[in-house]
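Just model-v2.txt here, compact mmCIF, C-alpha atoms (C1' of nucleotides):
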# COMPACT_ATOMS: atom_id res chain seq x y z
CA MET A 1 46.95 33.76 -3.27
CA LYS A 2 44.58 31.05 -2.14
CA ALA A 3 40.93 31.40 -3.03
CA ASP A 4 38.76 32.67 -0.21
CA ALA A 5 41.61 34.84 1.01
CA VAL A 6 39.64 38.05 1.34
CA ARG A 7 37.04 36.36 3.53
CA GLY A 8 36.10 38.73 6.32
CA HIS A 9 37.99 41.66 4.81
CA LEU A 10 36.02 42.26 1.65
CA ASP A 11 33.96 45.16 2.96
CA GLY A 12 37.08 47.08 3.88
CA LEU A 13 38.57 46.55 0.43
CA LEU A 14 35.46 47.81 -1.31
CA LEU A 15 35.15 50.86 0.92
CA ALA A 16 38.86 51.61 0.54
CA VAL A 17 38.91 51.74 -3.26
CA LEU A 18 35.84 53.99 -3.21
CA GLU A 19 37.46 56.43 -0.82
CA THR A 20 39.08 58.58 -3.50
CA GLY A 21 35.98 58.78 -5.66
CA PRO A 22 33.03 56.84 -7.07
CA LEU A 23 33.63 53.76 -9.21
CA HIS A 24 31.46 51.18 -10.97
CA GLY A 25 31.68 47.45 -10.26
CA TYR A 26 34.06 46.45 -13.00
CA ALA A 27 36.39 49.33 -12.14
CA ILE A 28 36.35 48.24 -8.49
CA ILE A 29 37.60 44.80 -9.51
CA THR A 30 40.47 46.24 -11.54
CA ALA A 31 41.26 48.81 -8.83
CA VAL A 32 41.60 46.08 -6.19
CA MET A 33 43.70 44.00 -8.56
CA ASN A 34 46.01 46.89 -9.43
CA ARG A 35 46.46 48.10 -5.88
CA SER A 36 47.30 44.60 -4.70
CA GLY A 37 49.81 44.08 -7.48
CA GLY A 38 47.64 41.44 -9.10
CA ALA A 39 47.32 39.34 -5.96
CA LEU A 40 43.61 39.88 -5.42
CA GLU A 41 41.28 38.96 -8.27
CA LEU A 42 37.73 39.45 -7.07
CA ARG A 43 34.84 37.81 -8.92
CA THR A 44 31.56 39.35 -9.84
CA GLY A 45 29.79 36.79 -7.69
CA THR A 46 31.82 38.19 -4.84
CA ILE A 47 31.47 41.93 -5.21
CA TYR A 48 27.96 42.52 -6.57
CA PRO A 49 26.16 40.89 -3.66
CA ALA A 50 28.61 42.63 -1.30
CA LEU A 51 28.02 46.06 -2.85
CA LYS A 52 24.28 45.48 -2.57
CA ARG A 53 24.68 44.60 1.09
CA LEU A 54 26.84 47.66 1.79
CA GLU A 55 24.27 49.86 0.10
CA ARG A 56 21.51 48.32 2.19
CA LEU A 57 23.59 49.10 5.27
CA GLY A 58 23.84 52.72 4.21
CA LEU A 59 27.59 52.70 3.61
CA LEU A 60 27.24 53.26 -0.13
CA THR A 61 24.83 54.82 -2.58
CA SER A 62 24.59 53.86 -6.23
CA SER A 63 23.26 55.40 -9.40
CA TRP A 64 23.10 54.43 -13.06
CA GLU A 65 25.34 56.19 -15.48
CA SER A 66 25.04 55.99 -19.25
CA ILE A 67 27.94 56.12 -21.69
CA GLY A 68 26.07 55.99 -25.01
CA GLU A 69 24.30 52.64 -25.08
CA ARG A 70 26.46 51.47 -22.20
CA ARG A 71 25.23 51.45 -18.63
CA ARG A 72 27.18 51.44 -15.42
CA ARG A 73 26.11 51.38 -11.83
CA CYS A 74 28.26 53.85 -10.00
CA TYR A 75 28.93 53.42 -6.29
CA ARG A 76 29.98 56.17 -3.91
CA LEU A 77 30.82 56.28 -0.21
CA THR A 78 28.42 57.85 2.24
CA ASP A 79 29.62 59.59 5.40
CA GLU A 80 28.60 56.48 7.26
CA GLY A 81 30.72 54.49 4.82
CA ARG A 82 33.71 56.68 5.57
CA ARG A 83 33.30 56.09 9.28
CA SER A 84 32.95 52.38 8.65
CA LEU A 85 36.15 52.41 6.60
CA ALA A 86 38.02 53.94 9.51
CA GLY A 87 36.66 51.14 11.69
CA GLU A 88 37.71 48.49 9.17
CA ARG A 89 41.23 49.91 9.16
CA ALA A 90 41.42 49.82 12.93
CA GLU A 91 40.17 46.24 12.95
CA TRP A 92 42.72 45.31 10.31
CA ARG A 93 45.54 46.66 12.46
CA GLN A 94 44.33 44.70 15.46
CA PHE A 95 43.84 41.58 13.39
CA THR A 96 47.30 41.62 11.81
CA ALA A 97 48.88 42.45 15.16
CA ALA A 98 47.14 39.52 16.83
CA ILE A 99 47.84 36.90 14.18
CA GLY A 100 51.33 38.27 13.56
CA ALA A 101 52.19 38.05 17.25
CA VAL A 102 51.29 34.36 17.30
CA LEU A 103 52.86 33.52 13.96
CA ASN A 104 56.07 35.48 14.43
CA PRO A 105 56.58 36.02 18.16
CA GLY A 106 59.38 38.34 19.12
CA SER A 107 59.35 40.11 15.78
CA ASN A 108 57.21 42.91 17.20
CA ALA A 109 55.98 43.54 13.71
CA MET B 1 38.10 40.68 17.81
CA LYS B 2 35.12 39.38 15.87
CA ALA B 3 34.41 35.68 15.93
CA ASP B 4 35.55 33.87 12.80
CA ALA B 5 38.59 36.11 12.61
CA VAL B 6 41.17 33.37 12.34
CA ARG B 7 39.39 31.84 9.38
CA GLY B 8 42.00 30.69 6.88
CA HIS B 9 44.91 31.26 9.26
CA LEU B 10 44.23 28.71 11.96
CA ASP B 11 46.69 26.09 10.74
CA GLY B 12 49.53 28.59 10.88
CA LEU B 13 48.63 29.58 14.42
CA LEU B 14 48.60 25.99 15.63
CA LEU B 15 51.87 25.13 13.94
CA ALA B 16 53.49 28.31 15.26
CA VAL B 17 52.76 27.69 18.93
CA LEU B 18 54.03 24.13 18.58
CA GLU B 19 57.30 25.28 17.06
CA THR B 20 59.13 25.69 20.36
CA GLY B 21 57.98 22.38 21.78
CA PRO B 22 55.06 19.97 22.17
CA LEU B 23 51.84 21.14 23.82
CA HIS B 24 48.46 19.63 24.61
CA GLY B 25 45.19 21.09 23.33
CA TYR B 26 44.25 23.19 26.30
CA ALA B 27 47.76 24.64 26.47
CA ILE B 28 47.56 25.52 22.79
CA ILE B 29 44.46 27.60 23.45
CA THR B 30 46.11 29.51 26.27
CA ALA B 31 49.34 29.90 24.31
CA VAL B 32 47.50 31.48 21.38
CA MET B 33 45.56 33.72 23.76
CA ASN B 34 48.67 34.85 25.59
CA ARG B 35 50.77 35.48 22.50
CA SER B 36 47.98 37.52 20.95
CA GLY B 37 47.53 39.58 24.09
CA GLY B 38 44.10 38.10 24.72
CA ALA B 39 42.77 38.96 21.26
CA LEU B 40 42.41 35.40 20.00
CA GLU B 41 40.28 33.03 22.05
CA LEU B 42 40.06 29.75 20.19
CA ARG B 43 37.31 27.25 21.06
CA THR B 44 37.69 23.54 21.48
CA GLY B 45 35.30 23.02 18.57
CA THR B 46 37.82 24.97 16.54
CA ILE B 47 41.14 23.41 17.47
CA TYR B 48 40.43 19.72 18.07
CA PRO B 49 39.10 19.00 14.60
CA ALA B 50 41.91 21.16 13.19
CA LEU B 51 44.61 19.29 15.12
CA LYS B 52 43.15 16.02 13.94
CA ARG B 53 43.26 17.26 10.36
CA LEU B 54 46.86 18.45 10.69
CA GLU B 55 47.84 15.08 12.11
CA ARG B 56 46.14 13.31 9.23
CA LEU B 57 48.14 15.53 6.87
CA GLY B 58 51.36 14.49 8.57
CA LEU B 59 52.18 17.92 9.97
CA LEU B 60 51.77 16.80 13.59
CA THR B 61 52.01 13.68 15.66
CA SER B 62 50.21 13.15 18.95
CA SER B 63 50.57 10.89 21.97
CA TRP B 64 48.77 10.43 25.27
CA GLU B 65 50.46 11.59 28.38
CA SER B 66 49.30 10.72 31.90
CA ILE B 67 49.65 12.97 34.93
CA GLY B 68 48.24 10.74 37.66
CA GLU B 69 44.60 10.17 36.78
CA ARG B 70 44.81 13.02 34.31
CA ARG B 71 45.30 12.44 30.61
CA ARG B 72 46.53 14.81 27.95
CA ARG B 73 47.01 14.41 24.27
CA CYS B 74 50.33 15.97 23.40
CA TYR B 75 50.96 17.33 19.92
CA ARG B 76 54.36 17.87 18.34
CA LEU B 77 55.52 19.21 14.98
CA THR B 78 56.92 16.88 12.36
CA ASP B 79 59.59 18.00 9.90
CA GLU B 80 56.82 18.30 7.34
CA GLY B 81 54.97 20.51 9.81
CA ARG B 82 57.99 22.76 10.13
CA ARG B 83 58.17 23.15 6.40
CA SER B 84 54.46 23.87 6.28
CA LEU B 85 54.87 26.53 8.96
CA ALA B 86 57.47 28.28 6.84
CA GLY B 87 54.97 28.23 3.98
CA GLU B 88 52.20 29.62 6.18
CA ARG B 89 54.47 32.47 7.21
CA ALA B 90 55.29 33.29 3.62
CA GLU B 91 51.61 33.23 2.72
CA TRP B 92 50.82 35.47 5.67
CA ARG B 93 53.32 38.06 4.46
CA GLN B 94 51.82 38.01 0.97
CA PHE B 95 48.31 38.17 2.33
CA THR B 96 48.91 41.14 4.61
CA ALA B 97 50.88 42.91 1.88
CA ALA B 98 48.01 42.47 -0.59
CA ILE B 99 45.15 43.50 1.68
CA GLY B 100 47.23 46.23 3.29
CA ALA B 101 48.10 47.73 -0.09
CA VAL B 102 44.40 48.04 -0.95
CA LEU B 103 43.29 49.19 2.48
CA ASN B 104 46.09 51.67 3.09
CA PRO B 105 47.58 52.63 -0.29
CA GLY B 106 50.74 54.68 -0.17
CA SER B 107 51.60 53.54 3.32
CA ASN B 108 53.98 50.91 1.94
CA ALA B 109 53.45 48.98 5.16
C1' DC C 1 31.69 18.00 53.04
C1' DA C 2 29.51 20.56 49.23
C1' DC C 3 30.19 23.40 45.61
C1' DC C 4 32.44 25.79 42.00
C1' DA C 5 36.10 27.23 38.94
C1' DA C 6 39.83 25.76 36.35
C1' DT C 7 41.86 22.14 33.75
C1' DA C 8 41.35 18.65 30.02
C1' DG C 9 39.33 16.41 25.85
C1' DG C 10 35.77 15.76 22.63
C1' DT C 11 31.38 15.92 19.09
C1' DT C 12 27.62 17.83 16.48
C1' DG C 13 24.92 20.98 13.70
C1' DG C 14 24.57 25.24 11.63
C1' DC C 15 25.53 28.98 8.79
C1' DA C 16 28.04 33.00 6.88
C1' DG C 17 30.01 34.31 2.98
C1' DG C 18 33.04 34.12 -0.88
C1' DC C 19 33.47 31.42 -5.22
C1' DA C 20 32.51 28.90 -9.59
C1' DA C 21 29.42 28.65 -13.06
C1' DT C 22 26.30 30.69 -15.87
C1' DA C 23 23.71 34.25 -18.36
C1' DT C 24 23.23 38.61 -20.96
C1' DA C 25 24.69 42.67 -23.62
C1' DT C 26 27.63 46.36 -25.75
C1' DA C 27 32.04 48.02 -27.93
C1' DC C 28 35.97 47.52 -30.66
C1' DC C 29 39.46 45.54 -33.60
C1' DC C 30 40.94 42.48 -37.21
C1' DG D 1 31.92 37.36 -38.48
C1' DG D 2 34.73 36.18 -34.51
C1' DG D 3 37.38 37.10 -30.47
C1' DT D 4 38.41 39.99 -26.56
C1' DA D 5 37.46 43.51 -23.28
C1' DT D 6 33.94 45.93 -20.89
C1' DA D 7 29.86 45.66 -17.89
C1' DT D 8 26.14 43.71 -14.67
C1' DA D 9 23.85 40.11 -12.33
C1' DT D 10 22.11 35.51 -10.10
C1' DT D 11 22.36 30.83 -8.32
C1' DG D 12 23.98 27.04 -5.68
C1' DC D 13 27.74 24.99 -3.47
C1' DC D 14 31.26 24.15 -0.07
C1' DT D 15 34.59 25.38 3.38
C1' DG D 16 35.61 25.79 7.83
C1' DC D 17 35.01 28.06 12.13
C1' DC D 18 31.85 28.57 15.91
C1' DA D 19 28.22 27.88 19.48
C1' DA D 20 26.41 24.60 22.24
C1' DC D 21 26.80 20.68 24.45
C1' DC D 22 28.84 16.64 27.07
C1' DT D 23 32.15 14.10 30.34
C1' DA D 24 35.79 13.88 33.87
C1' DT D 25 39.59 15.29 37.21
C1' DT D 26 41.78 18.63 40.35
C1' DG D 27 42.06 22.12 43.78
C1' DG D 28 40.36 25.76 46.52
C1' DT D 29 36.76 28.03 49.58
C1' DG D 30 33.12 28.40 52.66

The structure in this file should be written as structure tokens.
Amino acid sequence: MKADAVRGHLDGLLLAVLETGPLHGYAIITAVMNRSGGALELRTGTIYPALKRLERLGLLTSSWESIGERRRRCYRLTDEGRRSLAGERAEWRQFTAAIGAVLNPGSNA
Amino acid sequence: MKADAVRGHLDGLLLAVLETGPLHGYAIITAVMNRSGGALELRTGTIYPALKRLERLGLLTSSWESIGERRRRCYRLTDEGRRSLAGERAEWRQFTAAIGAVLNPGSNA
DNA sequence: CACCAATAGGTTGGCAGGCAATATATACCC
DNA sequence: GGGTATATATTGCCTGCCAACCTATTGGTG
């Protein structure tokens, strides 16, 4: 997978892996990697600023969690985030339909 | 469709609409728009530099065509371009599979 | 005839946004 | 003590598409 591949679709990915329950940053990276079968390897420089932005937009909330001396920032979806995720999914369908139609005309896939 | 949507997939789109025969720039724009059902409206500032780049890479050749006083630059796929198109299609499948798996887990679509 | 929309080709500057690089710290195993 | 995995975070860069702009021909409408 070429670098920069998730450009424009990152928010949806982050919201999607948080749908089933709160996760911290590092777990989000591994979740995206596992779900994509290893194809998508997000970097910290990619997700931390993005998570911050999504929180500022009200789509996420975060809170510190302590495991002994260890600290994690745990992110969870807000209701607004859930609505936004639905929108991202709809946009994804339209996007793949549009590009797919040009790239593989007559495949109606 | 949000602006910037084709980011990273433009080359494939251009190669795809040229697959069935040579076209000039303006026709490429309308071809992409029609095939996508009006979803993708490319700008001249998007395609002309891209076509130039693809020609430099050897994936296209171009030639001037005159209709009376009217001039058109006609682009056609090279064999290398055809091979590249096959690659773009393969990458597109992998890309949609990866993002789709994260966005809609368990849908195996 | 004047005017406008459609057709046709092109350039330039800007900027969003993901990435590489870098930094820090704890936990665990050998 | 050293290496790897876990965990968070910032900075600057670069890619690449877009908006805005420009020129010119053609054809239709009032």

Chain B post-superposition (all in-order Cα pairs with chain A) as a short mmCIF file (atom, residue, chain, number, x, y, z; two decimals) with C-alpha atoms, in the coordinates of the input:
data_model
loop_
_atom_site.label_atom_id
_atom_site.label_comp_id
_atom_site.auth_asym_id
_atom_site.auth_seq_id
_atom_site.Cartn_x
_atom_site.Cartn_y
_atom_site.Cartn_z
CA MET B 1 46.93 33.86 -3.37
CA LYS B 2 44.48 31.14 -2.40
CA ALA B 3 40.84 31.62 -3.23
CA ASP B 4 38.74 32.71 -0.26
CA ALA B 5 41.61 34.84 0.98
CA VAL B 6 39.67 38.05 1.38
CA ARG B 7 37.10 36.35 3.56
CA GLY B 8 36.15 38.72 6.36
CA HIS B 9 38.00 41.68 4.84
CA LEU B 10 36.03 42.28 1.67
CA ASP B 11 33.96 45.18 2.97
CA GLY B 12 37.09 47.10 3.89
CA LEU B 13 38.57 46.55 0.46
CA LEU B 14 35.47 47.83 -1.30
CA LEU B 15 35.16 50.87 0.92
CA ALA B 16 38.87 51.64 0.55
CA VAL B 17 38.91 51.77 -3.24
CA LEU B 18 35.84 53.99 -3.20
CA GLU B 19 37.45 56.44 -0.81
CA THR B 20 39.06 58.59 -3.49
CA GLY B 21 35.97 58.77 -5.66
CA PRO B 22 33.02 56.84 -7.10
CA LEU B 23 33.62 53.74 -9.22
CA HIS B 24 31.48 51.18 -11.00
CA GLY B 25 31.69 47.45 -10.28
CA TYR B 26 34.08 46.43 -13.00
CA ALA B 27 36.41 49.30 -12.12
CA ILE B 28 36.36 48.22 -8.49
CA ILE B 29 37.63 44.79 -9.49
CA THR B 30 40.49 46.22 -11.50
CA ALA B 31 41.28 48.80 -8.82
CA VAL B 32 41.61 46.09 -6.17
CA MET B 33 43.73 43.99 -8.53
CA ASN B 34 46.03 46.87 -9.39
CA ARG B 35 46.48 48.12 -5.84
CA SER B 36 47.30 44.61 -4.65
CA GLY B 37 49.82 44.09 -7.43
CA GLY B 38 47.66 41.44 -9.06
CA ALA B 39 47.33 39.35 -5.90
CA LEU B 40 43.62 39.89 -5.36
CA GLU B 41 41.29 38.97 -8.20
CA LEU B 42 37.74 39.45 -7.01
CA ARG B 43 34.86 37.79 -8.88
CA THR B 44 31.57 39.36 -9.81
CA GLY B 45 29.80 36.79 -7.64
CA THR B 46 31.84 38.20 -4.80
CA ILE B 47 31.47 41.95 -5.19
CA TYR B 48 27.96 42.52 -6.54
CA PRO B 49 26.15 40.91 -3.63
CA ALA B 50 28.61 42.64 -1.28
CA LEU B 51 28.01 46.07 -2.83
CA LYS B 52 24.29 45.50 -2.57
CA ARG B 53 24.68 44.62 1.10
CA LEU B 54 26.83 47.68 1.80
CA GLU B 55 24.25 49.87 0.10
CA ARG B 56 21.49 48.34 2.19
CA LEU B 57 23.58 49.13 5.28
CA GLY B 58 23.84 52.75 4.21
CA LEU B 59 27.59 52.70 3.62
CA LEU B 60 27.24 53.28 -0.14
CA THR B 61 24.85 54.81 -2.58
CA SER B 62 24.61 53.85 -6.24
CA SER B 63 23.26 55.39 -9.43
CA TRP B 64 23.09 54.40 -13.08
CA GLU B 65 25.33 56.16 -15.49
CA SER B 66 24.99 55.94 -19.27
CA ILE B 67 27.87 56.09 -21.73
CA GLY B 68 26.02 55.92 -25.04
CA GLU B 69 24.32 52.53 -25.12
CA ARG B 70 26.49 51.43 -22.23
CA ARG B 71 25.25 51.44 -18.66
CA ARG B 72 27.20 51.42 -15.44
CA ARG B 73 26.13 51.36 -11.86
CA CYS B 74 28.28 53.85 -10.02
CA TYR B 75 28.94 53.43 -6.31
CA ARG B 76 30.00 56.18 -3.93
CA LEU B 77 30.81 56.28 -0.22
CA THR B 78 28.42 57.87 2.23
CA ASP B 79 29.63 59.60 5.38
CA GLU B 80 28.60 56.48 7.26
CA GLY B 81 30.73 54.49 4.83
CA ARG B 82 33.71 56.68 5.58
CA ARG B 83 33.29 56.10 9.27
CA SER B 84 32.95 52.38 8.66
CA LEU B 85 36.15 52.41 6.62
CA ALA B 86 38.01 53.94 9.53
CA GLY B 87 36.66 51.13 11.70
CA GLU B 88 37.71 48.49 9.18
CA ARG B 89 41.22 49.91 9.18
CA ALA B 90 41.40 49.82 12.95
CA GLU B 91 40.16 46.24 12.96
CA TRP B 92 42.72 45.31 10.32
CA ARG B 93 45.54 46.65 12.48
CA GLN B 94 44.31 44.67 15.48
CA PHE B 95 43.83 41.56 13.40
CA THR B 96 47.28 41.60 11.84
CA ALA B 97 48.86 42.44 15.20
CA ALA B 98 47.12 39.47 16.84
CA ILE B 99 47.84 36.86 14.18
CA GLY B 100 51.31 38.24 13.56
CA ALA B 101 52.19 38.02 17.25
CA VAL B 102 51.30 34.32 17.28
CA LEU B 103 52.85 33.51 13.93
CA ASN B 104 56.06 35.47 14.39
CA PRO B 105 56.60 36.00 18.13
CA GLY B 106 59.39 38.35 19.07
CA SER B 107 59.33 40.09 15.73
CA ASN B 108 57.19 42.90 17.16
CA ALA B 109 55.97 43.54 13.64
#

request  = Write out as an NGL selection string every residue belonging to chain A that has an atom at most 10 Å from any atom of chain D, counting all atoms listed in the file.
outcome  = :A and (4 or 24-27 or 44-45 or 48-49 or 70-73)

Those same residues - C-alpha atoms - I'd like them written as a short mmCIF file (atom, residue, chain, number, x, y, z; two decimals), keeping the file's coordinate frame.
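As written to disk, selection_11.cif reads:
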data_model
loop_
_atom_site.label_atom_id
_atom_site.label_comp_id
_atom_site.auth_asym_id
_atom_site.auth_seq_id
_atom_site.Cartn_x
_atom_site.Cartn_y
_atom_site.Cartn_z
CA ASP A 4 38.76 32.67 -0.21
CA HIS A 24 31.46 51.18 -10.97
CA GLY A 25 31.68 47.45 -10.26
CA TYR A 26 34.06 46.45 -13.00
CA ALA A 27 36.39 49.33 -12.14
CA THR A 44 31.56 39.35 -9.84
CA GLY A 45 29.79 36.79 -7.69
CA TYR A 48 27.96 42.52 -6.57
CA PRO A 49 26.16 40.89 -3.66
CA ARG A 70 26.46 51.47 -22.20
CA ARG A 71 25.23 51.45 -18.63
CA ARG A 72 27.18 51.44 -15.42
CA ARG A 73 26.11 51.38 -11.83
#

Report as CSV: every residue of chain A with an atom at most 6 Å from chain B, its closest pair of atoms, and their distance in Å to one decimal, counting only C-alpha atoms, with rows sorted by chain and ascending residue number.
residue,atom,partner,partner_atom,distance
A:Leu13,CA,B:Leu103,CA,5.8
A:Ala16,CA,B:Leu103,CA,5.4
A:Arg35,CA,B:Val102,CA,5.3
A:Ser36,CA,B:Ala98,CA,4.7
A:Ala98,CA,B:Ser36,CA,4.7
A:Ala101,CA,B:Ser36,CA,5.6
A:Val102,CA,B:Arg35,CA,5.3
A:Leu103,CA,B:Ala16,CA,5.4

Give one line per residue of chain C that approaches chain A to at most 7 Å, naming the two atoms of the closest pair and their distance in Å to one decimal, counting only C-alpha atoms (C1' of nucleotides); sort by chain then ascending residue number and deliver it as a tab-separated table.
residue	atom	partner	partner_atom	distance
C:DG18	C1'	A:Thr46	CA	5.8
C:DC19	C1'	A:Gly45	CA	7.0
C:DT26	C1'	A:Arg70	CA	6.3

Requested write-out: C-alpha atoms (C1' of nucleotides) of the selected residues, as an mmCIF file, keeping the file's coordinate frame:
data_model
loop_
_atom_site.group_PDB
_atom_site.id
_atom_site.type_symbol
_atom_site.label_atom_id
_atom_site.label_comp_id
_atom_site.auth_asym_id
_atom_site.auth_seq_id
_atom_site.Cartn_x
_atom_site.Cartn_y
_atom_site.Cartn_z
ATOM 1 C "C1'" DG C 18 33.040 34.120 -0.880
ATOM 2 C "C1'" DC C 19 33.470 31.420 -5.220
ATOM 3 C "C1'" DT C 26 27.630 46.360 -25.750
#

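One finds C1' of DT7 in chain C at 19.0 Å from CA of Leu51 in chain B.
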
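Across the structure, C1' of DG10 in chain C and CA of Gly58 in chain B are spaced 21.0 Å apart.
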
request  = Between CA of Leu54 in chain A and CA of Ser66 in chain A, measure the distance and give it in Å to one decimal.
outcome  = 22.7 Å

inquiry  = From the options B:Glu55, B:Glu41, B:Asp11, B:Glu65, which residue's atoms come nearest to DA8 in chain C, counting all atoms listed in the file?
reply    = B:Glu65

Using the atoms already present, construct N, CA and C atoms for range 81-99 of chain A and hand them back as an mmCIF file, keeping the file's coordinate frame.
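Here's the written file result_32.cif:
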data_model
loop_
_atom_site.group_PDB
_atom_site.id
_atom_site.type_symbol
_atom_site.label_atom_id
_atom_site.label_comp_id
_atom_site.auth_asym_id
_atom_site.auth_seq_id
_atom_site.Cartn_x
_atom_site.Cartn_y
_atom_site.Cartn_z
ATOM 1 N N GLY A 81 29.745 55.385 5.421
ATOM 2 C CA GLY A 81 30.720 54.490 4.820
ATOM 3 C C GLY A 81 32.144 54.890 5.168
ATOM 4 N N ARG A 82 32.383 56.183 5.210
ATOM 5 C CA ARG A 82 33.710 56.680 5.570
ATOM 6 C C ARG A 82 34.057 56.326 7.011
ATOM 7 N N ARG A 83 33.071 56.463 7.875
ATOM 8 C CA ARG A 83 33.300 56.090 9.280
ATOM 9 C C ARG A 83 33.578 54.595 9.385
ATOM 10 N N SER A 84 32.785 53.834 8.630
ATOM 11 C CA SER A 84 32.950 52.380 8.650
ATOM 12 C C SER A 84 34.338 51.978 8.147
ATOM 13 N N LEU A 85 34.820 52.685 7.138
ATOM 14 C CA LEU A 85 36.150 52.410 6.600
ATOM 15 C C LEU A 85 37.221 52.614 7.663
ATOM 16 N N ALA A 86 37.071 53.682 8.418
ATOM 17 C CA ALA A 86 38.020 53.940 9.510
ATOM 18 C C ALA A 86 37.995 52.770 10.500
ATOM 19 N N GLY A 87 36.793 52.283 10.786
ATOM 20 C CA GLY A 87 36.660 51.140 11.690
ATOM 21 C C GLY A 87 37.311 49.891 11.114
ATOM 22 N N GLU A 88 37.112 49.670 9.821
ATOM 23 C CA GLU A 88 37.710 48.490 9.170
ATOM 24 C C GLU A 88 39.228 48.563 9.249
ATOM 25 N N ARG A 89 39.769 49.756 9.084
ATOM 26 C CA ARG A 89 41.230 49.910 9.160
ATOM 27 C C ARG A 89 41.737 49.612 10.558
ATOM 28 N N ALA A 90 41.013 50.085 11.542
ATOM 29 C CA ALA A 90 41.420 49.820 12.930
ATOM 30 C C ALA A 90 41.371 48.326 13.212
ATOM 31 N N GLU A 91 40.296 47.684 12.742
ATOM 32 C CA GLU A 91 40.170 46.240 12.950
ATOM 33 C C GLU A 91 41.290 45.486 12.238
ATOM 34 N N TRP A 92 41.642 45.948 11.064
ATOM 35 C CA TRP A 92 42.720 45.310 10.310
ATOM 36 C C TRP A 92 44.038 45.383 11.076
ATOM 37 N N ARG A 93 44.314 46.532 11.661
ATOM 38 C CA ARG A 93 45.540 46.660 12.460
ATOM 39 C C ARG A 93 45.539 45.677 13.617
ATOM 40 N N GLN A 94 44.409 45.612 14.321
ATOM 41 C CA GLN A 94 44.330 44.700 15.460
ATOM 42 C C GLN A 94 44.463 43.243 15.016
ATOM 43 N N PHE A 95 43.809 42.943 13.916
ATOM 44 C CA PHE A 95 43.840 41.580 13.390
ATOM 45 C C PHE A 95 45.259 41.162 13.018
ATOM 46 N N THR A 96 45.940 41.982 12.235
ATOM 47 C CA THR A 96 47.300 41.620 11.810
ATOM 48 C C THR A 96 48.244 41.572 13.002
ATOM 49 N N ALA A 97 48.038 42.469 13.969
ATOM 50 C CA ALA A 97 48.880 42.450 15.160
ATOM 51 C C ALA A 97 48.697 41.144 15.917
ATOM 52 N N ALA A 98 47.437 40.728 16.064
ATOM 53 C CA ALA A 98 47.140 39.520 16.830
ATOM 54 C C ALA A 98 47.695 38.277 16.160
ATOM 55 N N ILE A 99 47.353 38.081 14.892
ATOM 56 C CA ILE A 99 47.840 36.900 14.180
ATOM 57 C C ILE A 99 49.356 36.945 14.054
#
